[in-house]
Each structure stands twice: as C-alpha cells, then as structure tokens.
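A.B. asks: My structure file data26.txt, compact mmCIF, C-alpha atoms and all ligand atoms, is below:
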```
# COMPACT_ATOMS: atom_id res chain seq x y z
CA MET A 1 -14.16 69.98 -5.60
CA LYS A 2 -10.42 70.09 -5.01
CA LEU A 3 -10.74 67.55 -2.23
CA ARG A 4 -12.80 65.31 -4.48
CA ARG A 5 -10.12 65.40 -7.20
CA THR A 6 -7.40 64.51 -4.68
CA LEU A 7 -9.43 61.58 -3.44
CA LEU A 8 -10.01 60.37 -6.97
CA GLY A 9 -6.29 60.67 -7.64
CA LEU A 10 -5.51 58.56 -4.58
CA LEU A 11 -8.05 55.97 -5.60
CA SER A 12 -6.64 55.57 -9.07
CA ALA A 13 -3.13 55.31 -7.61
CA ALA A 14 -4.40 52.48 -5.43
CA VAL A 15 -5.77 50.76 -8.51
CA VAL A 16 -2.49 51.11 -10.36
CA PHE A 17 -0.24 49.99 -7.50
CA GLY A 18 -2.52 47.29 -6.18
CA ASN A 19 -4.27 47.05 -2.86
CA LEU A 20 -2.48 49.54 -0.58
CA ALA A 21 -3.49 47.57 2.50
CA GLY A 22 -1.83 44.43 1.16
CA PRO A 23 1.88 43.70 0.77
CA ALA A 24 3.32 46.63 -1.19
CA THR A 25 6.06 44.54 -2.81
CA ALA A 26 3.77 41.73 -3.92
CA ALA A 27 3.71 42.71 -7.55
CA GLU A 28 7.51 42.68 -7.79
CA THR A 29 8.51 39.64 -5.76
CA TYR A 30 5.68 37.11 -5.87
CA LYS A 31 5.79 34.44 -8.56
CA SER A 32 2.73 34.07 -10.74
CA GLU A 33 2.60 30.40 -9.77
CA TYR A 34 4.12 28.15 -7.08
CA ARG A 35 4.91 24.54 -7.96
CA VAL A 36 3.59 22.04 -5.41
CA SER A 37 4.92 18.48 -5.49
CA MET A 38 3.02 15.37 -4.33
CA VAL A 39 3.28 11.67 -5.14
CA LEU A 40 -0.44 10.91 -5.43
CA GLY A 41 -3.27 12.66 -7.24
CA PRO A 42 -6.73 14.06 -6.47
CA ALA A 43 -8.46 10.67 -6.10
CA THR A 44 -6.52 10.12 -2.86
CA PRO A 45 -6.44 11.87 0.54
CA TRP A 46 -2.84 12.88 -0.24
CA GLY A 47 -3.91 14.56 -3.47
CA GLN A 48 -6.79 16.23 -1.63
CA ALA A 49 -4.32 17.60 0.91
CA GLY A 50 -2.65 19.57 -1.86
CA LYS A 51 -5.95 20.65 -3.36
CA MET A 52 -7.45 21.86 -0.07
CA TRP A 53 -4.24 23.70 0.82
CA SER A 54 -4.08 25.39 -2.57
CA ASP A 55 -7.79 26.33 -2.59
CA MET A 56 -7.63 27.83 0.91
CA VAL A 57 -4.46 29.79 0.14
CA LYS A 58 -5.88 31.16 -3.09
CA GLU A 59 -9.04 32.29 -1.38
CA ARG A 60 -7.43 33.69 1.76
CA THR A 61 -4.73 35.61 -0.16
CA GLN A 62 -7.24 36.83 -2.75
CA GLY A 63 -5.16 35.14 -5.41
CA ARG A 64 -1.80 36.64 -4.39
CA ILE A 65 -0.46 33.11 -3.91
CA ASN A 66 -1.37 30.76 -6.68
CA MET A 67 -0.33 27.12 -6.14
CA LYS A 68 -0.16 24.68 -9.04
CA LEU A 69 -0.29 20.99 -8.13
CA TYR A 70 2.14 18.49 -9.61
CA PRO A 71 1.03 14.99 -8.57
CA GLY A 72 3.11 11.98 -9.60
CA VAL A 73 6.18 13.95 -8.45
CA SER A 74 6.29 15.05 -12.08
CA LEU A 75 8.67 17.96 -11.40
CA ILE A 76 11.35 15.34 -10.71
CA GLN A 77 10.26 12.74 -13.29
CA GLY A 78 8.58 10.51 -10.71
CA ASP A 79 11.73 9.98 -8.67
CA GLN A 80 10.12 10.51 -5.28
CA THR A 81 13.24 10.01 -3.16
CA ARG A 82 14.74 13.10 -4.82
CA GLU A 83 11.83 15.31 -3.75
CA PHE A 84 13.50 16.69 -0.64
CA SER A 85 16.72 17.69 -2.42
CA ALA A 86 14.69 19.30 -5.21
CA LEU A 87 12.72 21.29 -2.63
CA ARG A 88 15.88 22.51 -1.02
CA GLN A 89 17.35 23.49 -4.38
CA GLY A 90 14.20 25.33 -5.46
CA VAL A 91 13.25 22.98 -8.32
CA ILE A 92 10.11 22.51 -6.21
CA ASP A 93 8.55 25.49 -4.37
CA MET A 94 6.19 23.66 -2.03
CA ALA A 95 5.22 20.06 -1.28
CA VAL A 96 3.02 17.71 0.63
CA GLY A 97 5.53 14.92 1.10
CA SER A 98 5.81 11.58 2.82
CA THR A 99 8.32 11.07 5.62
CA ILE A 100 9.35 7.86 3.82
CA ASN A 101 10.40 9.65 0.64
CA TRP A 102 12.42 12.28 2.49
CA SER A 103 14.07 9.86 4.92
CA PRO A 104 17.10 9.15 2.69
CA GLN A 105 18.08 12.83 3.21
CA VAL A 106 16.68 13.38 6.71
CA LYS A 107 17.58 10.32 8.74
CA GLU A 108 15.37 11.25 11.71
CA LEU A 109 12.30 10.71 9.51
CA ASN A 110 13.00 6.97 9.58
CA LEU A 111 11.50 7.13 13.07
CA PHE A 112 8.01 6.61 11.64
CA SER A 113 9.22 3.58 9.67
CA LEU A 114 10.56 1.71 12.71
CA PRO A 115 8.61 -1.56 12.52
CA PHE A 116 5.65 -1.77 14.91
CA LEU A 117 6.61 1.42 16.80
CA MET A 118 3.10 2.94 16.51
CA PRO A 119 0.36 0.44 17.42
CA ASP A 120 -2.61 2.74 16.67
CA TYR A 121 -3.68 6.20 15.50
CA ALA A 122 -3.38 7.58 19.05
CA ALA A 123 0.31 6.64 18.88
CA VAL A 124 0.73 8.41 15.52
CA ASP A 125 -0.89 11.54 16.99
CA ALA A 126 1.22 11.32 20.16
CA LEU A 127 4.28 11.67 17.92
CA THR A 128 3.24 14.19 15.28
CA GLN A 129 1.30 16.44 17.69
CA GLY A 130 3.81 16.22 20.54
CA ASP A 131 7.50 16.81 21.32
CA VAL A 132 8.62 14.45 18.57
CA GLY A 133 6.71 16.45 15.95
CA LYS A 134 8.34 19.68 17.17
CA LYS A 135 11.81 18.16 17.14
CA ILE A 136 11.32 16.74 13.65
CA PHE A 137 10.18 20.17 12.41
CA GLN A 138 13.34 21.72 13.91
CA THR A 139 15.39 19.12 12.06
CA LEU A 140 13.59 19.89 8.80
CA GLU A 141 14.22 23.63 9.34
CA LYS A 142 17.91 22.92 9.86
CA ALA A 143 17.86 20.85 6.69
CA GLY A 144 16.79 24.01 4.85
CA VAL A 145 13.01 23.90 4.36
CA VAL A 146 10.05 25.42 6.21
CA PRO A 147 7.70 22.74 7.60
CA LEU A 148 4.19 23.95 8.39
CA ALA A 149 1.82 21.12 9.26
CA TRP A 150 1.29 17.38 9.43
CA GLY A 151 -0.94 15.24 7.25
CA GLU A 152 -1.13 11.49 6.83
CA ASN A 153 -0.71 8.85 4.17
CA GLY A 154 -1.58 6.10 6.60
CA TYR A 155 -1.01 2.61 7.92
CA ARG A 156 0.71 0.54 5.27
CA GLU A 157 -0.73 -2.94 4.88
CA VAL A 158 0.85 -5.70 2.85
CA THR A 159 -0.99 -7.11 -0.18
CA ASN A 160 -0.03 -9.93 -2.54
CA SER A 161 -1.19 -12.26 -5.29
CA LYS A 162 0.03 -15.57 -3.82
CA ARG A 163 -1.36 -16.47 -0.41
CA ALA A 164 -2.69 -15.20 2.91
CA ILE A 165 0.14 -13.95 5.11
CA LYS A 166 -0.33 -14.96 8.74
CA ALA A 167 3.27 -15.59 9.74
CA PRO A 168 6.67 -14.33 8.53
CA GLU A 169 7.22 -17.73 6.84
CA ASP A 170 4.31 -16.98 4.50
CA LEU A 171 6.39 -14.16 3.01
CA LYS A 172 9.27 -16.46 2.16
CA GLY A 173 10.62 -15.80 -1.32
CA MET A 174 7.78 -13.41 -2.17
CA LYS A 175 8.80 -10.57 -4.43
CA ILE A 176 7.55 -7.41 -2.75
CA ARG A 177 7.82 -3.92 -4.17
CA VAL A 178 9.15 -1.54 -1.52
CA VAL A 179 9.76 2.22 -1.57
CA GLY A 180 13.28 3.46 -2.21
CA SER A 181 14.10 3.82 1.46
CA PRO A 182 16.61 1.25 2.78
CA ILE A 183 14.83 0.48 6.08
CA PHE A 184 12.02 -1.15 4.05
CA SER A 185 14.44 -3.48 2.30
CA ASP A 186 15.87 -4.41 5.70
CA MET A 187 12.42 -5.17 7.14
CA PHE A 188 11.27 -7.36 4.26
CA THR A 189 14.60 -9.16 4.12
CA ALA A 190 14.31 -9.85 7.86
CA MET A 191 10.85 -11.35 7.24
CA GLY A 192 12.23 -13.67 4.56
CA ALA A 193 10.74 -11.87 1.55
CA ASN A 194 12.53 -10.73 -1.58
CA PRO A 195 12.12 -6.91 -1.57
CA THR A 196 12.70 -4.85 -4.71
CA GLN A 197 12.99 -1.09 -4.42
CA MET A 198 11.17 0.97 -7.00
CA SER A 199 9.37 4.27 -7.34
CA TRP A 200 5.59 4.38 -7.22
CA ALA A 201 5.60 5.22 -10.95
CA ASP A 202 7.39 1.92 -11.66
CA ALA A 203 5.44 -0.06 -9.08
CA GLN A 204 2.09 0.23 -10.85
CA PRO A 205 3.14 -1.50 -14.12
CA ALA A 206 5.17 -4.01 -12.08
CA LEU A 207 2.04 -4.98 -10.17
CA ALA A 208 -0.07 -5.11 -13.31
CA SER A 209 2.36 -7.36 -15.18
CA GLY A 210 2.98 -9.61 -12.18
CA ALA A 211 6.69 -8.68 -12.13
CA VAL A 212 6.21 -8.35 -8.37
CA ASP A 213 3.96 -10.47 -6.15
CA GLY A 214 2.99 -7.77 -3.72
CA GLN A 215 3.34 -4.31 -2.26
CA GLU A 216 2.49 -2.32 0.85
CA ASN A 217 0.47 0.90 0.99
CA PRO A 218 -2.54 2.38 2.79
CA LEU A 219 -5.77 0.57 1.90
CA TYR A 220 -7.51 3.58 0.34
CA LEU A 221 -4.97 3.21 -2.47
CA PHE A 222 -5.96 -0.45 -2.94
CA ASN A 223 -9.48 0.80 -3.57
CA VAL A 224 -8.59 3.76 -5.79
CA LEU A 225 -6.43 1.56 -8.03
CA LYS A 226 -8.68 -1.52 -7.78
CA MET A 227 -5.62 -3.62 -7.02
CA HIS A 228 -7.69 -6.82 -6.97
CA THR A 229 -8.02 -6.44 -10.74
CA VAL A 230 -4.26 -6.89 -11.07
CA GLY A 231 -4.25 -10.05 -8.99
CA GLN A 232 -3.78 -8.63 -5.50
CA LYS A 233 -6.10 -11.07 -3.72
CA PHE A 234 -4.63 -11.10 -0.21
CA ILE A 235 -4.25 -8.36 2.39
CA THR A 236 -2.80 -8.61 5.87
CA THR A 237 -3.66 -5.70 8.18
CA TRP A 238 -0.51 -5.80 10.27
CA GLY A 239 -0.24 -2.03 10.85
CA TYR A 240 3.55 -2.16 10.99
CA MET A 241 4.02 1.52 10.19
CA ALA A 242 2.13 4.64 9.11
CA ASP A 243 3.72 7.44 7.11
CA PRO A 244 2.83 10.99 8.06
CA LEU A 245 2.84 13.70 5.41
CA VAL A 246 4.46 17.11 5.86
CA PHE A 247 3.31 20.38 4.31
CA VAL A 248 6.45 22.30 3.47
CA VAL A 249 7.75 25.40 1.64
CA ASN A 250 11.16 26.13 0.14
CA LYS A 251 12.99 28.61 2.39
CA GLU A 252 13.61 31.35 -0.19
CA ILE A 253 10.03 31.23 -1.37
CA TRP A 254 8.87 31.48 2.24
CA ASN A 255 11.13 34.49 2.87
CA SER A 256 9.78 36.25 -0.21
CA TRP A 257 6.28 36.41 1.30
CA SER A 258 4.93 39.07 3.66
CA PRO A 259 4.48 37.92 7.29
CA ALA A 260 0.71 38.13 6.80
CA ASP A 261 0.85 35.82 3.79
CA GLN A 262 3.22 33.43 5.60
CA ALA A 263 0.64 33.20 8.39
CA ILE A 264 -2.14 32.49 5.89
CA VAL A 265 -0.17 29.73 4.14
CA LYS A 266 0.72 28.13 7.46
CA GLN A 267 -2.82 28.23 8.85
CA ALA A 268 -4.18 26.83 5.58
CA ALA A 269 -1.68 23.95 5.81
CA ILE A 270 -2.81 23.22 9.37
CA ASP A 271 -6.49 23.32 8.36
CA ALA A 272 -5.94 21.19 5.25
CA GLY A 273 -3.81 18.75 7.26
CA LYS A 274 -6.57 18.21 9.84
CA GLN A 275 -9.18 17.58 7.18
CA GLU A 276 -6.86 15.33 5.21
CA ILE A 277 -6.01 13.16 8.23
CA ALA A 278 -9.74 12.54 8.73
CA LEU A 279 -10.02 11.55 5.05
CA ALA A 280 -7.03 9.19 5.30
CA ARG A 281 -8.60 7.42 8.30
CA LYS A 282 -12.09 7.21 6.83
CA GLY A 283 -13.44 3.68 6.78
CA LEU A 284 -10.81 2.46 9.23
CA VAL A 285 -11.70 4.24 12.47
CA GLU A 286 -15.39 3.39 12.58
CA ALA A 287 -16.19 0.31 14.66
CA ASP A 288 -17.11 -1.93 11.73
CA LYS A 289 -14.27 -0.66 9.46
CA PRO A 290 -16.38 -0.18 6.32
CA LEU A 291 -13.29 0.11 4.08
CA LEU A 292 -12.27 -3.47 4.94
CA LYS A 293 -15.82 -4.67 4.26
CA GLU A 294 -15.84 -2.93 0.90
CA ILE A 295 -12.57 -4.55 -0.13
CA ALA A 296 -13.61 -7.99 1.14
CA ALA A 297 -16.79 -7.68 -0.91
CA VAL A 298 -14.81 -7.73 -4.17
CA GLY A 299 -13.35 -11.11 -3.26
CA VAL A 300 -10.16 -10.15 -1.46
CA THR A 301 -9.06 -12.22 1.54
CA ILE A 302 -8.29 -9.93 4.46
CA THR A 303 -6.20 -11.41 7.25
CA GLN A 304 -6.37 -9.64 10.61
CA LEU A 305 -3.61 -10.90 12.89
CA SER A 306 -4.20 -12.09 16.43
CA PRO A 307 -1.90 -10.50 19.03
CA ALA A 308 0.27 -13.65 19.06
CA GLU A 309 0.52 -13.72 15.26
CA ARG A 310 1.46 -10.04 15.22
CA ASP A 311 4.14 -10.66 17.86
CA ALA A 312 5.89 -13.07 15.52
CA PHE A 313 6.34 -10.20 13.01
CA VAL A 314 7.45 -7.83 15.77
CA LYS A 315 10.06 -10.34 16.90
CA VAL A 316 11.54 -11.05 13.50
CA THR A 317 11.86 -7.32 12.68
CA ARG A 318 13.28 -6.32 16.06
CA PRO A 319 16.92 -6.42 14.88
CA VAL A 320 15.93 -3.92 12.15
CA TYR A 321 14.33 -1.67 14.78
CA ASP A 322 17.48 -1.84 16.88
CA LYS A 323 19.78 -1.16 13.95
CA TRP A 324 17.77 1.83 12.72
CA LYS A 325 17.28 3.25 16.21
CA THR A 326 20.92 4.40 16.08
CA THR A 327 20.44 5.99 12.66
CA VAL A 328 17.30 7.85 13.77
CA GLY A 329 18.93 8.91 17.06
CA VAL A 330 18.58 6.97 20.31
CA ASP A 331 17.29 10.02 22.21
CA LEU A 332 14.53 10.77 19.71
CA VAL A 333 13.41 7.13 19.72
CA LYS A 334 13.31 7.18 23.54
CA ILE A 335 11.06 10.25 23.56
CA ALA A 336 8.82 8.60 20.96
CA GLU A 337 8.57 5.38 22.97
CA ARG A 338 7.81 7.40 26.13
CA ASP A 339 5.07 9.46 24.47
CA ILE A 340 3.47 6.40 22.90
CA ALA A 341 3.43 4.62 26.26
CA ALA A 342 1.73 7.70 27.81
CA ARG A 343 -0.78 8.25 25.00
CA LYS A 344 -4.49 8.74 25.63
CA GLN A 345 -6.37 5.95 23.91
O1 LIG B 1 5.50 4.98 -3.11
C1 LIG B 1 4.61 4.73 -2.29
O2 LIG B 1 4.36 3.58 -1.92
C2 LIG B 1 3.80 5.87 -1.71
C3 LIG B 1 2.91 6.42 -2.79
O3 LIG B 1 3.04 5.41 -0.66
C4 LIG B 1 4.76 6.90 -1.21
O4 LIG B 1 5.05 7.86 -1.86
C5 LIG B 1 5.41 6.69 0.11
```
Could the structure of this file be written out as structure tokens, please?

C.D. replies:
Amino acid sequence: MKLRRTLLGLLSAAVVFGNLAGPATAAETYKSEYRVSMVLGPATPWGQAGKMWSDMVKERTQGRINMKLYPGVSLIQGDQTREFSALRQGVIDMAVGSTINWSPQVKELNLFSLPFLMPDYAAVDALTQGDVGKKIFQTLEKAGVVPLAWGENGYREVTNSKRAIKAPEDLKGMKIRVVGSPIFSDMFTAMGANPTQMSWADAQPALASGAVDGQENPLYLFNVLKMHTVGQKFITTWGYMADPLVFVVNKEIWNSWSPADQAIVKQAAIDAGKQEIALARKGLVEADKPLLKEIAAVGVTITQLSPAERDAFVKVTRPVYDKWKTTVGVDLVKIAERDIAARKQ
C-alpha cells in the first residue's frame, strides 16, 4: 500500500513537471511559438519546405517545438534582403531562405549567382552536397546563424511580354525586374537590358500593370501565378543560375534547445530539404519536361537555346563572372569549378 502511494505520488509529480524523460527545462526556456520566415507561400515548393519542416518538428518533438510560418517575409514587411540581418538579430527565429536574398550580407553566397556556373542539377548538387556546401555552412555559422540543410528554389528562367529572347540583343532596352542583389543588375546590364531592382512583393503588381516587361524566376512560379495572364508570353530556358535554399535557426534559439531537440530539428530540415528539392525539380527532370509542355499549352512561347546561342549569353556575362569571382573569393570559386568539372552526370 505504501509503495503504491509513493508510485502514485511520483506519477503525479511527472504530470505536473512534464515528461521526466524529456528536457527538464523545456517548460521554462522554450517559446510557445517560433517564427519561421520564407518569401513564398504554401502553393510553392519553397512554402512546402517550411510546412514539411514544421510538421515533422511538431510531430517528432511531441509539440515541444511549435513553428509558425510567415510567408511573404511578413516579419520584415516583405523586404527580403533584410531577412538575414533580422535572423541574426532575433526578429526572425528560423527561416528557409534563398542564397540570393542573403547574399548582400554574406558575399560568398553570390557563388550560386555567378552566371552559367552550374550547367545542370548535377552541378548544383556537386556544390551544395560537397566541399562548397560545407564551407558555405561554416561561413554562415561565422556570420552568426545555425545552418542545417539545403533546399532549392531552382533554375531561374527569363520571361517577358515583348519578344522571344534568343540572343543578348533581344534583351536590349527591356525593363526586367531583378532581385535586390547587385550581381543581378550587373548581369542584365551586361546583356543590354534595363534591370530594375525590387522586392518580390513589389514585383507582382509591377508585372500585372506592365510597369516592367519581364522577370526571372523558377518556372513553377510562372504556373502558380499564371504569369501568362499578365502578359508574360515568352520564356527562354537559359538556366543561367539556380538559387539553393537554406534551412536555418537563430543562434540563441538553437542554444536554448536540448541536444536531443536540436538533433530532431536538424534531421527534419534534412528530410524536408530532400523532399522539397524533388518538388522543385518536378516537371523539369523527366525526359519530356511536362512542366514546359503545360506552360506551352496555355500559349506561351518557350525558347530553348542551342549550345551556340547559349554561348553568346555566357560570353557577354563573363566580365560579370570575373568581377564577382573576387567578391565571392577566388579559392571558393576554384573549388566550385573543380567539383562541377568532376561531377557525376
Ligand atoms: O524575389 C524572387 O524573385 C524570389 C521569390 O525568387 C526570391 O526570393 C529569390
């Protein structure tokens, strides 16, 4: 009887103080909600990256870590190039962010934006899954955040309302919306276009009103937003760059979690990243590229460049590559070029 009472007492203590097997300090130090920043929402692979990560973490931590998604970079009023600073400062707890948007603060991230560096998905993987990926993660750690896994936004193809682009001359004078990262302005200027930097929040009305002639983004986004309905009738699949995504946590938040929970959050990011990369490539890696067929079927002209046509774009943007190589770091670019040359196709 006495023993039974003691056991009951222990049990009720466990109920009061939470699961004794779990992190004892959880109740005191964990926030009720963690704010996760992303540019795009649930209709896109990027948005799904956040959702899958959050769902897995919630389930695997039995609700100890509760992530709330903020698409549209709404925690920083849509100003996506401020996301990295906000993460570091703790305005944002966690993020799935694009290397492009963080590159103004972390210059090494411009590596992925070097024009025509990565000719195919195997090249992207050779970088993110190899030495370059490790080095970039070390750089991000030094910059004050905890990077956990890679995802993908994807190859950025140029679209416009004026004409088919087959040669750099076709871009002459065209007003193209570019992201707020200076290397993009340099590239479009080198190709003879008239680039205007704006956030994604501002880009959508600018496209709809015809204030800009074109833009560049992965093709899934063309579909999600039905860009042909706002006059975007021409696409050129030049594959000049692809932006990886990074799953990341603010350092103080990370340090406030038990090692077991840190491991769960990291593994969930890796799992979500893998699934999200497959989503981002869907329709583009199958032999007949169904995504291109789907877009062509709504009356959009899709121009696929011949190797010689592509070379003309490579040539005209080469000075930009050379200029930015120094900013990124000559050694890092060399490793990237080496690993791409050695990639398994
Ligand atoms: O702003 C863009 O073009 C977007 C949504 O692709 C990024 O955030 C890099």

A.B. asks: Could you tell me how far atom CA of Glu294 of chain A lies from atom CA of His228 of chain A, in Å and to one decimal?

C.D. replies: 12.0 Å

A.B. asks: Contacts of Leu305 of chain A at 10 Å or less, counting only C-alpha atoms, minus same-chain residues fewer than 2 places along, as a VMD selection string?

C.D. replies: chain A and resid 165 to 167 236 to 239 302 to 303 307 to 311 313

A.B. asks: Find the residues around Met241 of chain A up to 8 Å (all atoms listed in the file counted), leave out those fewer than 6 positions away in its own chain, and share them as a list in words.

C.D. replies: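 That gives Phe112, Ser113, Leu114, Pro115, Phe116, Leu117, Met118, Tyr155 and Arg156 of chain A.
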
A.B. asks: Next, write the just-selected residues to a file, as a PDB file, in the coordinates of the input, keeping C-alpha atoms as the atom set.

C.D. replies:
```pdb
ATOM      1  CA  PHE A 112       8.010   6.610  11.640  1.00  0.00           C
ATOM      2  CA  SER A 113       9.220   3.580   9.670  1.00  0.00           C
ATOM      3  CA  LEU A 114      10.560   1.710  12.710  1.00  0.00           C
ATOM      4  CA  PRO A 115       8.610  -1.560  12.520  1.00  0.00           C
ATOM      5  CA  PHE A 116       5.650  -1.770  14.910  1.00  0.00           C
ATOM      6  CA  LEU A 117       6.610   1.420  16.800  1.00  0.00           C
ATOM      7  CA  MET A 118       3.100   2.940  16.510  1.00  0.00           C
ATOM      8  CA  TYR A 155      -1.010   2.610   7.920  1.00  0.00           C
ATOM      9  CA  ARG A 156       0.710   0.540   5.270  1.00  0.00           C
TER      10      ARG A 156
END
```

A.B. asks: As a PyMOL selection string, please: every protein or nucleic acid residue near ligand LIG 1 (chain B) (cut-off 10 Å, counting all atoms listed in the file).

C.D. replies: chain A and resi 38-41+46+72-73+78-81+97-102+153-156+177-181+197-204+215-218+221+242-245

A.B. asks: Separation of atom CA of Lys251 of chain A and atom CA of Asp125 of chain A, in Å?

C.D. replies: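 So the two atoms, atom CA of Lys251 of chain A and atom CA of Asp125 of chain A, lie 26.4 Å apart.
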
A.B. asks: Expressed in Å to a single decimal, how great is the separation between atom CA of Ala149 of chain A and atom CA of Ile270 of chain A?

C.D. replies: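 If I compute the distance from atom CA of Ala149 of chain A to atom CA of Ile270 of chain A, I get 5.1 Å.
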
A.B. asks: Select, from A:Ser32, A:Gln267, A:Asn66, A:Thr327, the residue with the minimum atom-to-atom distance to Phe247 of chain A, counting all atoms listed in the file.

C.D. replies: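 That would be A:Gln267, the residue with the smallest distance to Phe247 of chain A.
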
A.B. asks: Taking into account all atoms listed in the file, which residue in the set A:Gly283, A:Pro259, A:Pro205, A:Gly130 is nearest to Tyr220 of chain A?

C.D. replies: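 Of all the options, A:Gly283 lies closest to Tyr220 of chain A.
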
A.B. asks: Compare A:Ala122, A:Leu171, A:Leu148, A:Val328 by their minimum atom-to-atom distance to Lys344 of chain A, counting all atoms listed in the file, and give me the closest one.

C.D. replies: A:Ala122

A.B. asks: If we count all atoms listed in the file, what is near Gly50 of chain A at a cut-off of 10 Å, once residues fewer than 4 positions away on the same chain are taken out, given as a PyMOL selection string?

C.D. replies: chain A and resi 36-38+40-42+45-46+54-55+67-71+94-97+247+269+272-273+276

A.B. asks: Using only C-alpha atoms, which of A:Pro119, A:Pro104, A:Gly299, A:Gly63 sits nearest Arg82 of chain A?

C.D. replies: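 Closest candidate: A:Pro104.
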
A.B. asks: I'd like the contact shell of Lys162 of chain A - 8 Å cut-off, all atoms listed in the file, skipping same-chain residues fewer than 3 positions apart - returned as a ChimeraX atom specification.

C.D. replies: /A:213,233-234

A.B. asks: Counting only C-alpha atoms, what are the residues of segment 120-197 of chain A within 10 Å of segment 338-343 of chain A, and for each of them which pair of atoms is the nearest and at what distance in Å, to one decimal? Sort the table by chain and rising number, as JSON lines.

C.D. replies:
```
{"residue": "A:Asp120", "atom": "CA", "partner": "A:Ile340", "partner_atom": "CA", "distance": 9.4}
{"residue": "A:Ala122", "atom": "CA", "partner": "A:Arg343", "partner_atom": "CA", "distance": 6.5}
{"residue": "A:Ala123", "atom": "CA", "partner": "A:Ile340", "partner_atom": "CA", "distance": 5.1}
{"residue": "A:Val124", "atom": "CA", "partner": "A:Ile340", "partner_atom": "CA", "distance": 8.1}
{"residue": "A:Asp125", "atom": "CA", "partner": "A:Arg343", "partner_atom": "CA", "distance": 8.7}
{"residue": "A:Ala126", "atom": "CA", "partner": "A:Ile340", "partner_atom": "CA", "distance": 6.1}
{"residue": "A:Leu127", "atom": "CA", "partner": "A:Asp339", "partner_atom": "CA", "distance": 7.0}
{"residue": "A:Gly130", "atom": "CA", "partner": "A:Asp339", "partner_atom": "CA", "distance": 7.9}
{"residue": "A:Asp131", "atom": "CA", "partner": "A:Asp339", "partner_atom": "CA", "distance": 8.4}
{"residue": "A:Val132", "atom": "CA", "partner": "A:Asp339", "partner_atom": "CA", "distance": 8.5}
```

A.B. asks: To test the calculation: enclose all listed atoms of segment 281-292 of chain A in a box whose edges run along x, y and z, add 3 Å on each side, then state centre and edge lengths in Å to one decimal, as JSON.

C.D. replies:
```
{"center_x": -12.9, "center_y": 2.0, "center_z": 9.4, "size_x": 14.5, "size_y": 16.9, "size_z": 16.6}
```

A.B. asks: Can you list, as a ChimeraX atom specification, every protein, DNA or RNA residue that comes within 9 Å of Met56 of chain A when you count only C-alpha atoms, leaving out same-chain residues fewer than 5 positions away?

C.D. replies: /A:51,61,264-265,268-269,271-272

A.B. asks: Between A:Ile295, A:Val106, A:Leu332, A:Ile277, which is the closest to Glu141 of chain A once you count all atoms listed in the file?

C.D. replies: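 Answer, going by the shortest atom-to-atom distance: A:Val106.
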
A.B. asks: Mind dumping a table of every segment 198-266 of chain A residue within 10 Å of segment 87-90 of chain A, with the nearest atom pair and its distance in Å to one decimal, using only C-alpha atoms, sorted by chain and rising number, as a tab-separated table?

C.D. replies:
```
residue	atom	partner	partner_atom	distance
A:Val248	CA	A:Leu87	CA	8.8
A:Val249	CA	A:Leu87	CA	7.7
A:Asn250	CA	A:Leu87	CA	5.8
A:Lys251	CA	A:Arg88	CA	7.6
A:Glu252	CA	A:Gly90	CA	8.0
A:Ile253	CA	A:Gly90	CA	8.3
```

A.B. asks: Between A:Leu109, A:Ser185, A:Ala280, A:Ala211, single out the one closest to Gly231 of chain A, counting all atoms listed in the file.

C.D. replies: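 Among the listed residues, A:Ala211 lies closest to Gly231 of chain A.
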